[in-house]
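One structure is given below, encoded as structure tokens.
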Amino acid sequence: MYNGEQDVPVQKISAATLSECKERLFKMFGHEYTIRGKRQILHGGFLGLGQKEWVEVTYTVNNSGDFSSPVASVQLQKTSDDEIAAFRKNRDDFLKAAAVSNQMTTLDTKFSELQNTLTKQIQNISVTSSEKHPTVKKIEELLADNEFTYSYISDISARIKSSFSLEALEDFKTVQRKVVDWIGESITITPEKVMRPPHVVVIVGPTGVGKTTTITKFAVKMVMDAKKAHLGLPELCIVTIDSMRVGAYEQISKYGDIIGTQVQKAETVEDMRKIYDEKKDSADAIFIDTSGYSPNDSVHIGEMKSLLQIDGLNPDVYLSVSASTKARDLENIMENYEPFHYNSVIVTKCDESHQYGNIISVLHEKHKGLSYITDGQYVTRNLRHADVINFLINLSGFDVDRVHIEDVFGEK
């Protein structure tokens with residue numbers, strides 16, 4: 001191989017590291033050499049197995065017409081001879097152990113096939129080391145379009161790389177189907193609870209997420225479920241401790257009139273204790289609507305929690321969040337409402353957003369489950385128990401196999 005400008009021979013040398021290559025070159029030529037390029041190669045092993053990554057350097061000798069180094073020549077030749085001798089010895093040992101010295105033609109053919117296969121794998125490795133496989137990149141883009149968090153996307157990418165070979169990655173449809181399964185597995189659905197009366201339901205969350213509407217939907221759902229089961233109408237009690245929002249009591253009172261339930265107001269712990277003592281032996285359920293605060297308003301959140309410190313109350317607490325809330329804000333909300341020890345999460349206003357990656361990511365990372373979703377303002381409907389299938393079929397850009405996910409995640 002020759003340099004096109006000066007017709008100077010371009011030579012090669014290899015070692016475990018670039019530094020070792022440079023040390024060997026210095027010993028042979030001093031400073032009279034120029035490195036022309038370097039690349040990663042596979043070295044050693046037996047029949048292509050157990051190889052390690054080495055560095056191969058191409059170089060030219062400065063003033064090659066006047067400079068000669070017998071030592072360098074001997075060392076290079078010795079290195080080359082050693083490598084050839086080692087290869088031949090390994091091959092001979094293999095032939096003797098396998099007792100196939102009389103089948104050289106067949107062995108040479110298989111050896112050539114193995115070399116071709118390893119060459120292709122090495123080429124693929126060199127591509128993937130410098131850039132991601134197109135399938136991985138496309139999956140990451142789809143997840144980002146669905147607003148999954150960076151950490152969630154990174155976990156999925158790592159899982160793809162550890163689960164699929166380079167050859168298998170060429171089948172995008174299969175990889176995509178597996179990723180949808182992994183997303184489904186990361187969603188935890190909290191089962192509906194059957195509790196002895198009075199079933200106390202408390203909904204907490206930041207302002208503007210629709211807590212009042214949701215608490216009313218809970219009450220309406222209980223009434224409608226009783227009618228469907230041909231049971232008597234349940235006795236309900238609705239309490240509001242929302243003293244911050246103007247018109248909060250009036251709004252929920254109108255909802256109470258619709259379902260034939262009087263709404264009571266509690267401004268102090270004593271008010272709440274009195275209402276509970278009056279209703280605990282007669283009510284089937286007590287629904288408590290709370291004030292909405294900024295998730296950073298830890299003082300008022302703590303004061304509101306103190307209103308619920310009633311012996312025997314044992315509330316079923318839900319955190320209500322809007323589907324369109326950014327992932328970082330969701331993390332902040334969930335952390336600051338943790339003192340309420342909420343059982344699970346209700347996602348509201350799902351009709352206003354079609355990407356749920358933010359919700360799925362943060363709930364998975366916080367190890368929280370989903371209970372209900374709401375997707376409208378009608379108090380007589382639009383509250384339904386969350387299910388994995390609903391989230392998966394709404395993944396944007398994914399070709400979701402509906403029959404498959406219903407088989408995997410449907411009710412057993």
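Labeling convention for the structure tokens: chains A, B, ... as they appear, residues from 1 per chain, ligands from 1 in order of appearance.
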
Near-Asp271 of chain A list (10 Å; only C-alpha atoms; drop same-chain fewer than 5 positions) as a PyMOL selection string: chain A and resi 241+264-266+276+307

Selected residues, C-alpha atoms, written as a CSV table (one decimal), in the first residue's frame, please.
chain,number,residue,atom,x,y,z
A,241,ILE,CA,-63.4,21.1,53.1
A,264,GLN,CA,-72.1,19.5,54.3
A,265,LYS,CA,-69.2,21.8,54.9
A,266,ALA,CA,-66.3,21.3,57.3
A,276,TYR,CA,-68.3,11.6,60.7
A,307,LEU,CA,-58.5,18.1,58.9

Contacts of segment 171-181 of chain A at 9 Å (only C-alpha atoms; same-chain gap of 2+ positions) as a VMD selection string: chain A and resid 135 to 136 138 to 139 156 160 164 167 to 169 183 to 186 392 395 398 to 401 405 408 to 409

Counting only C-alpha atoms, the option among A:Lys211, A:His341, A:Lys274, A:Lys366 closest to Asp289 of chain A: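 Once distances to Asp289 of chain A are computed over only C-alpha atoms, the minimum belongs to A:Lys211.
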
Contacts of Thr149 of chain A within 8 Å, only C-alpha atoms, excl. fewer than 5 positions in-chain, as a ChimeraX atom specification: /A:144,327,357-358,361-362

Same residues, all heavy atoms, saved as a CSV table (one decimal), in the first residue's frame:
chain,number,residue,atom,x,y,z
A,144,ALA,N,-40.7,9.2,22.4
A,144,ALA,CA,-40.6,10.7,22.7
A,144,ALA,C,-41.9,11.4,22.2
A,144,ALA,O,-42.3,12.3,22.8
A,144,ALA,CB,-39.4,11.2,22.0
A,327,ALA,N,-44.4,15.8,32.8
A,327,ALA,CA,-43.8,14.8,33.6
A,327,ALA,C,-43.1,15.3,34.8
A,327,ALA,O,-43.3,14.8,35.9
A,327,ALA,CB,-42.9,13.9,32.8
A,357,GLY,N,-47.7,9.0,27.7
A,357,GLY,CA,-46.4,8.6,28.1
A,357,GLY,C,-45.9,9.3,29.4
A,357,GLY,O,-45.2,8.6,30.2
A,358,ASN,N,-46.3,10.5,29.6
A,358,ASN,CA,-45.9,11.2,30.9
A,358,ASN,C,-46.5,10.5,32.1
A,358,ASN,O,-45.8,10.3,33.1
A,358,ASN,CB,-46.4,12.7,30.8
A,358,ASN,CG,-47.8,12.8,30.5
A,358,ASN,OD1,-48.5,12.0,29.8
A,358,ASN,ND2,-48.4,13.9,30.9
A,361,SER,N,-44.9,6.9,32.5
A,361,SER,CA,-43.5,7.0,32.9
A,361,SER,C,-43.4,7.3,34.4
A,361,SER,O,-42.8,6.6,35.2
A,361,SER,CB,-42.8,8.0,32.1
A,361,SER,OG,-42.8,7.8,30.8
A,362,VAL,N,-44.1,8.4,34.8
A,362,VAL,CA,-43.9,8.8,36.2
A,362,VAL,C,-44.5,7.9,37.2
A,362,VAL,O,-44.0,7.6,38.2
A,362,VAL,CB,-44.5,10.2,36.4
A,362,VAL,CG1,-44.4,10.7,37.8
A,362,VAL,CG2,-43.8,11.2,35.5

Residues flagged alpha helix (DSSP H) by DSSP in segment 192-287 of chain A, as a PyMOL selection string: chain A and resi 211-228+248-259+269-279

Expected answer as a PyMOL selection string: strand (DSSP E or B) residues in segment 207-376 of chain A: chain A and resi 236-240+263-265+285-289+316-322+344-348+370-374

Among listed residues A:Thr214, A:Asn382, A:Asn146, A:Ser344, nearest Thr188 of chain A (using only C-alpha atoms):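 Among A:Thr214, A:Asn382, A:Asn146, A:Ser344, it is A:Ser344 that comes nearest to Thr188 of chain A.
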
Exercise: Thr216 of chain A partners within 9 Å, only C-alpha atoms, chain neighbours under 5 positions left out, as an NGL selection string: :A and (211 or 221 or 238 or 252 or 255-256 or 259 or 287 or 289 or 379-380)

Spatial neighbours of Tyr337 of chain A, max dist 9 Å, only C-alpha atoms, sep filter under 3 positions, as a list in words: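 Result of the neighbour search: Val204, Gly205, Pro295, Ser298, Ile301, Leu319, Asn332, Ile333, Met334, Phe340, His341 and Tyr342 of chain A.
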